[in-house]
$ cat structure.txt   # compact mmCIF, N, CA and C atoms
# COMPACT_ATOMS: atom_id res chain seq x y z
N MET A 1 150.52 47.40 147.87
CA MET A 1 150.50 48.28 146.72
C MET A 1 151.92 48.47 146.22
N LYS A 2 152.04 48.75 144.94
CA LYS A 2 153.36 48.97 144.35
C LYS A 2 153.69 50.46 144.41
N ILE A 3 154.93 50.73 144.83
CA ILE A 3 155.42 52.10 144.91
C ILE A 3 156.74 52.18 144.15
N ALA A 4 156.87 53.19 143.30
CA ALA A 4 158.08 53.41 142.52
C ALA A 4 158.92 54.49 143.20
N PHE A 5 160.23 54.29 143.18
CA PHE A 5 161.17 55.25 143.76
C PHE A 5 162.21 55.60 142.70
N THR A 6 162.55 56.88 142.59
CA THR A 6 163.63 57.30 141.70
C THR A 6 164.92 57.26 142.50
N SER A 7 165.74 56.26 142.20
CA SER A 7 166.95 56.04 142.98
C SER A 7 168.07 55.57 142.07
N SER A 8 169.24 56.14 142.25
CA SER A 8 170.38 55.73 141.43
C SER A 8 171.07 54.48 141.99
N THR A 9 170.90 54.22 143.29
CA THR A 9 171.61 53.10 143.93
C THR A 9 170.68 52.11 144.64
N GLY A 10 169.44 52.49 144.85
CA GLY A 10 168.53 51.66 145.62
C GLY A 10 168.55 51.99 147.10
N GLU A 11 169.45 52.88 147.50
CA GLU A 11 169.57 53.26 148.91
C GLU A 11 168.84 54.56 149.24
N ASN A 12 168.86 55.50 148.30
CA ASN A 12 168.26 56.82 148.53
C ASN A 12 167.33 57.20 147.39
N ILE A 13 166.36 58.04 147.71
CA ILE A 13 165.53 58.67 146.68
C ILE A 13 166.32 59.91 146.28
N ASP A 14 166.95 59.86 145.11
CA ASP A 14 167.92 60.89 144.76
C ASP A 14 167.89 61.32 143.29
N GLN A 15 166.81 61.00 142.60
CA GLN A 15 166.74 61.31 141.18
C GLN A 15 165.51 62.17 140.87
N HIS A 16 165.61 62.96 139.81
CA HIS A 16 164.49 63.74 139.28
C HIS A 16 163.67 62.79 138.41
N PHE A 17 162.34 62.88 138.50
CA PHE A 17 161.46 62.00 137.74
C PHE A 17 161.79 62.00 136.25
N GLY A 18 161.96 63.17 135.67
CA GLY A 18 162.19 63.28 134.23
C GLY A 18 163.58 62.91 133.78
N GLN A 19 164.51 62.69 134.71
CA GLN A 19 165.88 62.38 134.34
C GLN A 19 166.34 60.99 134.76
N THR A 20 165.54 60.33 135.61
CA THR A 20 165.96 59.02 136.08
C THR A 20 165.93 58.00 134.94
N GLU A 21 166.84 57.06 134.97
CA GLU A 21 166.89 56.02 133.95
C GLU A 21 166.17 54.76 134.38
N SER A 22 165.85 54.66 135.68
CA SER A 22 165.15 53.48 136.17
C SER A 22 164.37 53.81 137.44
N PHE A 23 163.42 52.95 137.75
CA PHE A 23 162.60 53.08 138.95
C PHE A 23 162.72 51.79 139.76
N MET A 24 162.96 51.94 141.06
CA MET A 24 162.95 50.81 141.97
C MET A 24 161.50 50.61 142.40
N ILE A 25 160.95 49.44 142.13
CA ILE A 25 159.56 49.16 142.49
C ILE A 25 159.54 48.29 143.74
N TRP A 26 158.78 48.74 144.72
CA TRP A 26 158.61 48.01 145.98
C TRP A 26 157.14 47.66 146.14
N GLU A 27 156.88 46.52 146.73
CA GLU A 27 155.53 46.12 147.14
C GLU A 27 155.46 46.45 148.63
N VAL A 28 154.53 47.35 149.00
CA VAL A 28 154.48 47.85 150.37
C VAL A 28 153.08 47.65 150.94
N GLY A 29 153.04 47.03 152.10
CA GLY A 29 151.79 46.87 152.85
C GLY A 29 152.04 47.24 154.29
N PRO A 30 151.02 47.24 155.13
CA PRO A 30 151.19 47.66 156.51
C PRO A 30 152.18 46.78 157.29
N ASP A 31 152.24 45.50 156.98
CA ASP A 31 153.08 44.58 157.75
C ASP A 31 154.27 44.02 157.00
N GLU A 32 154.26 44.12 155.69
CA GLU A 32 155.36 43.60 154.88
C GLU A 32 155.73 44.60 153.79
N ALA A 33 157.02 44.60 153.45
CA ALA A 33 157.49 45.41 152.33
C ALA A 33 158.71 44.73 151.75
N HIS A 34 158.78 44.69 150.44
CA HIS A 34 159.95 44.10 149.81
C HIS A 34 160.16 44.71 148.42
N TYR A 35 161.43 44.69 148.03
CA TYR A 35 161.80 45.12 146.69
C TYR A 35 161.17 44.15 145.69
N HIS A 36 160.58 44.69 144.63
CA HIS A 36 159.89 43.85 143.64
C HIS A 36 160.70 43.74 142.34
N GLU A 37 161.07 44.89 141.76
CA GLU A 37 161.81 44.88 140.51
C GLU A 37 162.33 46.27 140.19
N THR A 38 163.21 46.34 139.20
CA THR A 38 163.68 47.62 138.68
C THR A 38 163.17 47.76 137.26
N LEU A 39 162.50 48.87 136.99
CA LEU A 39 162.01 49.15 135.64
C LEU A 39 162.93 50.18 135.00
N THR A 40 163.46 49.84 133.83
CA THR A 40 164.35 50.74 133.11
C THR A 40 163.55 51.50 132.07
N VAL A 41 163.81 52.79 131.99
CA VAL A 41 163.06 53.64 131.08
C VAL A 41 163.51 53.45 129.64
N GLY A 42 164.79 53.51 129.38
CA GLY A 42 165.28 53.39 128.02
C GLY A 42 165.07 54.68 127.24
N ALA A 43 165.46 54.68 125.98
CA ALA A 43 165.33 55.86 125.12
C ALA A 43 163.93 55.91 124.51
N HIS A 44 163.24 57.01 124.73
CA HIS A 44 161.89 57.19 124.18
C HIS A 44 161.73 58.60 123.65
N GLY A 45 162.30 58.86 122.51
CA GLY A 45 162.16 60.18 121.90
C GLY A 45 163.16 61.18 122.46
N HIS A 46 163.10 62.36 121.91
CA HIS A 46 164.09 63.37 122.28
C HIS A 46 163.52 64.54 123.04
N ASP A 47 162.20 64.68 123.07
CA ASP A 47 161.66 65.83 123.77
C ASP A 47 161.09 65.43 125.14
N GLU A 48 160.83 66.43 125.94
CA GLU A 48 160.38 66.20 127.31
C GLU A 48 159.06 65.44 127.37
N GLU A 49 158.14 65.75 126.48
CA GLU A 49 156.83 65.08 126.47
C GLU A 49 156.99 63.57 126.25
N ASP A 50 157.89 63.18 125.34
CA ASP A 50 158.14 61.75 125.10
C ASP A 50 158.72 61.08 126.34
N ARG A 51 159.65 61.75 127.00
CA ARG A 51 160.28 61.18 128.21
C ARG A 51 159.26 61.01 129.33
N ILE A 52 158.41 62.02 129.52
CA ILE A 52 157.37 61.95 130.56
C ILE A 52 156.39 60.82 130.26
N SER A 53 155.94 60.73 129.02
CA SER A 53 154.98 59.70 128.64
C SER A 53 155.55 58.31 128.83
N ALA A 54 156.81 58.12 128.45
CA ALA A 54 157.45 56.81 128.60
C ALA A 54 157.53 56.41 130.07
N ARG A 55 157.89 57.34 130.92
CA ARG A 55 157.99 57.05 132.35
C ARG A 55 156.62 56.73 132.95
N ALA A 56 155.63 57.53 132.61
CA ALA A 56 154.29 57.30 133.13
C ALA A 56 153.74 55.95 132.66
N LYS A 57 154.03 55.59 131.44
CA LYS A 57 153.51 54.34 130.87
C LYS A 57 154.05 53.11 131.60
N ILE A 58 155.34 53.09 131.94
CA ILE A 58 155.89 51.91 132.59
C ILE A 58 155.48 51.80 134.06
N LEU A 59 154.89 52.85 134.61
CA LEU A 59 154.52 52.86 136.03
C LEU A 59 153.02 52.62 136.26
N THR A 60 152.30 52.15 135.28
CA THR A 60 150.85 52.03 135.39
C THR A 60 150.40 51.15 136.55
N GLU A 61 151.19 50.18 136.96
CA GLU A 61 150.79 49.31 138.08
C GLU A 61 151.09 49.93 139.45
N CYS A 62 151.78 51.04 139.47
CA CYS A 62 152.16 51.67 140.73
C CYS A 62 151.07 52.61 141.22
N ALA A 63 150.94 52.67 142.54
CA ALA A 63 149.96 53.58 143.15
C ALA A 63 150.59 54.92 143.50
N ILE A 64 151.90 54.89 143.79
CA ILE A 64 152.62 56.09 144.23
C ILE A 64 153.99 56.10 143.56
N VAL A 65 154.49 57.29 143.26
CA VAL A 65 155.87 57.48 142.80
C VAL A 65 156.54 58.46 143.74
N TYR A 66 157.60 58.02 144.40
CA TYR A 66 158.41 58.90 145.24
C TYR A 66 159.61 59.35 144.41
N THR A 67 159.80 60.65 144.32
CA THR A 67 160.89 61.20 143.54
C THR A 67 161.44 62.44 144.24
N MET A 68 162.70 62.76 143.97
CA MET A 68 163.28 63.94 144.59
C MET A 68 162.66 65.22 144.02
N GLN A 69 162.45 65.24 142.71
CA GLN A 69 161.85 66.39 142.03
C GLN A 69 160.97 65.89 140.90
N ILE A 70 159.91 66.66 140.61
CA ILE A 70 159.04 66.35 139.48
C ILE A 70 158.39 67.65 139.02
N GLY A 71 158.30 67.82 137.72
CA GLY A 71 157.67 69.02 137.18
C GLY A 71 156.15 68.88 137.12
N GLY A 72 155.48 70.00 136.95
CA GLY A 72 154.03 70.03 136.91
C GLY A 72 153.42 69.15 135.83
N PRO A 73 153.89 69.23 134.57
CA PRO A 73 153.31 68.39 133.52
C PRO A 73 153.48 66.88 133.81
N ALA A 74 154.62 66.49 134.36
CA ALA A 74 154.84 65.08 134.69
C ALA A 74 153.92 64.65 135.83
N ALA A 75 153.79 65.48 136.85
CA ALA A 75 152.91 65.16 137.97
C ALA A 75 151.46 65.03 137.48
N ALA A 76 151.04 65.91 136.59
CA ALA A 76 149.68 65.86 136.05
C ALA A 76 149.44 64.57 135.26
N LYS A 77 150.45 64.15 134.50
CA LYS A 77 150.32 62.91 133.72
C LYS A 77 150.18 61.71 134.64
N LEU A 78 150.93 61.69 135.75
CA LEU A 78 150.80 60.60 136.72
C LEU A 78 149.41 60.60 137.36
N VAL A 79 148.96 61.76 137.79
CA VAL A 79 147.65 61.87 138.44
C VAL A 79 146.55 61.40 137.48
N ALA A 80 146.68 61.71 136.20
CA ALA A 80 145.70 61.27 135.21
C ALA A 80 145.64 59.75 135.12
N GLN A 81 146.73 59.08 135.47
CA GLN A 81 146.79 57.61 135.47
C GLN A 81 146.51 57.04 136.86
N LYS A 82 146.02 57.88 137.76
CA LYS A 82 145.72 57.48 139.14
C LYS A 82 146.96 57.00 139.89
N ILE A 83 148.07 57.67 139.62
CA ILE A 83 149.33 57.44 140.33
C ILE A 83 149.62 58.72 141.11
N HIS A 84 149.86 58.58 142.40
CA HIS A 84 150.06 59.75 143.25
C HIS A 84 151.56 60.09 143.31
N PRO A 85 151.97 61.27 142.79
CA PRO A 85 153.38 61.68 142.87
C PRO A 85 153.71 62.26 144.25
N MET A 86 154.84 61.86 144.80
CA MET A 86 155.33 62.39 146.08
C MET A 86 156.73 62.95 145.84
N LYS A 87 156.91 64.23 146.13
CA LYS A 87 158.19 64.90 145.91
C LYS A 87 158.88 65.08 147.26
N THR A 88 160.15 64.64 147.37
CA THR A 88 160.88 64.74 148.63
C THR A 88 161.64 66.07 148.75
N ASN A 89 162.00 66.70 147.64
CA ASN A 89 162.77 67.96 147.59
C ASN A 89 164.20 67.83 148.09
N ALA A 90 164.60 66.68 148.58
CA ALA A 90 165.96 66.44 149.04
C ALA A 90 166.24 64.95 148.95
N VAL A 91 167.50 64.58 149.05
CA VAL A 91 167.86 63.17 149.08
C VAL A 91 167.39 62.59 150.41
N VAL A 92 166.61 61.51 150.33
CA VAL A 92 166.14 60.84 151.55
C VAL A 92 166.38 59.34 151.42
N ASN A 93 166.50 58.68 152.55
CA ASN A 93 166.75 57.25 152.58
C ASN A 93 165.50 56.49 152.14
N LEU A 94 165.67 55.59 151.18
CA LEU A 94 164.55 54.84 150.63
C LEU A 94 163.93 53.91 151.68
N LEU A 95 164.74 53.14 152.39
CA LEU A 95 164.22 52.19 153.38
C LEU A 95 163.49 52.90 154.51
N GLU A 96 164.01 54.04 154.97
CA GLU A 96 163.31 54.81 156.00
C GLU A 96 161.97 55.32 155.50
N THR A 97 161.91 55.68 154.23
CA THR A 97 160.65 56.15 153.63
C THR A 97 159.64 55.00 153.59
N VAL A 98 160.08 53.81 153.21
CA VAL A 98 159.20 52.64 153.20
C VAL A 98 158.66 52.39 154.60
N GLU A 99 159.53 52.48 155.61
CA GLU A 99 159.09 52.25 156.99
C GLU A 99 158.08 53.30 157.44
N ARG A 100 158.26 54.55 157.03
CA ARG A 100 157.29 55.60 157.37
C ARG A 100 155.95 55.34 156.70
N ILE A 101 155.98 54.89 155.45
CA ILE A 101 154.73 54.57 154.75
C ILE A 101 154.00 53.44 155.49
N GLN A 102 154.74 52.43 155.89
CA GLN A 102 154.13 51.31 156.61
C GLN A 102 153.51 51.77 157.93
N GLU A 103 154.17 52.67 158.61
CA GLU A 103 153.63 53.19 159.88
C GLU A 103 152.31 53.90 159.64
N VAL A 104 152.25 54.71 158.59
CA VAL A 104 151.01 55.41 158.26
C VAL A 104 149.92 54.40 157.88
N LEU A 105 150.29 53.37 157.11
CA LEU A 105 149.32 52.35 156.71
C LEU A 105 148.74 51.60 157.91
N ARG A 106 149.58 51.37 158.92
CA ARG A 106 149.13 50.64 160.11
C ARG A 106 148.20 51.48 160.98
N ASN A 107 148.31 52.76 160.90
CA ASN A 107 147.49 53.64 161.73
C ASN A 107 146.28 54.11 160.95
N ASN A 108 146.16 55.39 160.73
CA ASN A 108 145.00 55.94 160.05
C ASN A 108 145.45 56.66 158.79
N PRO A 109 145.55 55.94 157.65
CA PRO A 109 146.04 56.60 156.44
C PRO A 109 145.10 57.70 155.97
N PRO A 110 145.67 58.80 155.46
CA PRO A 110 144.84 59.87 154.93
C PRO A 110 144.04 59.38 153.72
N PRO A 111 142.98 60.10 153.35
CA PRO A 111 142.12 59.66 152.24
C PRO A 111 142.88 59.40 150.93
N TRP A 112 143.84 60.26 150.59
CA TRP A 112 144.56 60.06 149.33
C TRP A 112 145.32 58.74 149.34
N LEU A 113 145.84 58.33 150.51
CA LEU A 113 146.59 57.09 150.59
C LEU A 113 145.65 55.88 150.55
N ARG A 114 144.51 55.98 151.20
CA ARG A 114 143.52 54.90 151.12
C ARG A 114 143.08 54.70 149.67
N LYS A 115 142.91 55.81 148.95
CA LYS A 115 142.53 55.74 147.54
C LYS A 115 143.64 55.08 146.72
N ALA A 116 144.89 55.45 146.98
CA ALA A 116 146.03 54.85 146.28
C ALA A 116 146.12 53.35 146.56
N MET A 117 145.85 52.95 147.80
CA MET A 117 145.91 51.54 148.18
C MET A 117 144.88 50.73 147.40
N ASN A 118 143.77 51.34 147.07
CA ASN A 118 142.68 50.64 146.39
C ASN A 118 142.66 50.91 144.89
N LYS A 119 143.77 51.41 144.35
CA LYS A 119 143.82 51.81 142.95
C LYS A 119 143.33 50.74 141.99
N ASP A 120 143.75 49.50 142.19
CA ASP A 120 143.42 48.44 141.25
C ASP A 120 142.23 47.59 141.65
N LYS A 121 141.61 47.90 142.77
CA LYS A 121 140.46 47.11 143.21
C LYS A 121 139.22 47.55 142.46
N VAL A 122 138.47 46.60 142.01
CA VAL A 122 137.23 46.88 141.30
C VAL A 122 136.08 46.80 142.29
N VAL A 123 135.27 47.83 142.30
CA VAL A 123 134.12 47.87 143.19
C VAL A 123 132.92 47.35 142.40
N SER A 124 132.25 46.36 142.95
CA SER A 124 131.04 45.86 142.31
C SER A 124 129.87 45.98 143.26
N PHE A 125 128.71 46.20 142.72
CA PHE A 125 127.52 46.38 143.50
C PHE A 125 126.53 45.26 143.21
N THR A 126 125.83 44.85 144.22
CA THR A 126 124.72 43.93 144.03
C THR A 126 123.46 44.77 143.88
N GLU A 127 122.38 44.15 143.52
CA GLU A 127 121.13 44.89 143.39
C GLU A 127 120.72 45.52 144.71
N GLU A 128 121.07 44.87 145.81
CA GLU A 128 120.72 45.40 147.13
C GLU A 128 121.49 46.68 147.45
N ASP A 129 122.70 46.83 146.87
CA ASP A 129 123.54 48.00 147.16
C ASP A 129 123.10 49.24 146.38
N GLU A 130 122.42 49.03 145.26
CA GLU A 130 122.08 50.17 144.41
C GLU A 130 120.97 50.99 145.04
N PRO A 131 121.01 52.30 144.82
CA PRO A 131 119.99 53.19 145.40
C PRO A 131 118.62 52.99 144.80
$ encode --input "structure.txt" --output "C-alpha cells"
Amino acid sequence: MKIAFTSSTGENIDQHFGQTESFMIWEVGPDEAHYHETLTVGAHGHDEEDRISARAKILTECAIVYTMQIGGPAAAKLVAQKIHPMKTNAVVNLLETVERIQEVLRNNPPPWLRKAMNKDKVVSFTEEDEP
C-alpha cells in the first residue's frame, strides 16, 4: 500500500499537513518497503480550503497519510477519500515509522489498517456468494 509522509528532508515526519510543500510516498508491505516518489503540492489558491483540497487530490492513491499535525477539516477530507490520517504530534523518524508499520502488518493489523490495505481492491461476488 502507498503511504504519504509529510517530511522536509525524507528523514523525519516533521511537517504540518496544510503547510507541507511535498509528500514522500512509500510503498509499504509486511516484508518490503521502499521509497516510491515525492509529490509536490505547488500553488493551489490562497485560502485554506484550496490548499486542503489540492493536497487531498494528489494523495488519492495513498491509503494512509502520516503527518506531524493536521486540522479537523483536512482530516475529514482525507477520510472522505478513504485515506486514513495519522498524526504524530511530534517529530518522529520516518524509517522507524515504516518499520513499525511493517511489524504491525506482519502480526495482527487492526481493522482500520486492514481496511486501508484493501483500499483499492475491488470485491466481486459470484452468484454463489450472494444471499
$ closest_residue --input "structure.txt" --among "A:Met1, A:Met86, A:Leu94, A:Met68" --to "Pro30 in chain A" --atoms "only N, CA and C atoms"
A:Met1
$ closest_residue --input "structure.txt" --among "A:Glu21, A:Glu32, A:Ile13, A:Ala54" --to "Arg106 in chain A" --atoms "only C-alpha atoms"
A:Glu32
$ atom_distance --input "structure.txt" --atom1 "atom C of His36 in chain A" --atom2 "atom N of Ile52 in chain A"
22.4 Å
$ residues_around --input "structure.txt" --residues "Asn107 in chain A" --least-positions-apart "5" --cutoff "12 Å" --atoms "only C-alpha atoms" --output "VMD selection string"
chain A and resid 29 to 31 100 to 102 113 to 114
$ residues_around --input "structure.txt" --residues "His16 in chain A" --least-positions-apart "2" --cutoff "7 Å" --atoms "all atoms listed in the file" --output "PyMOL selection string"
chain A and resi 6+14+18-20+67-70
$ residues_around --input "structure.txt" --residues "Thr40 in chain A" --least-positions-apart "5" --cutoff "8 Å" --atoms "only N, CA and C atoms" --output "number ranges by chain"
A: 20-24, 55, 58
$ closest_residue --input "structure.txt" --among "A:His34, A:Leu39, A:Ala63, A:Arg51" --to "Ile3 in chain A" --atoms "only N, CA and C atoms"
A:Ala63
$ closest_residue --input "structure.txt" --among "A:Thr60, A:Gln15, A:Thr97, A:Thr9" --to "Ile83 in chain A" --atoms "only N, CA and C atoms"
A:Thr60
$ atom_distance --input "structure.txt" --atom1 "atom C of Glu27 in chain A" --atom2 "atom N of Gly71 in chain A"
24.2 Å
$ closest_residue --input "structure.txt" --among "A:Ile64, A:Ala74, A:Ala56, A:Val41" --to "Met117 in chain A" --atoms "all atoms listed in the file"
A:Ile64
$ select_by_dssp --input "structure.txt" --residues "chain A" --states "helix (DSSP H, G or I)" --output "MDAnalysis selection string"
chainID A and resid 48:58 72:80 94:106 111:117
$ atom_distance --input "structure.txt" --atom1 "CA of Pro85 in chain A" --atom2 "CA of Phe5 in chain A"
10.1 Å
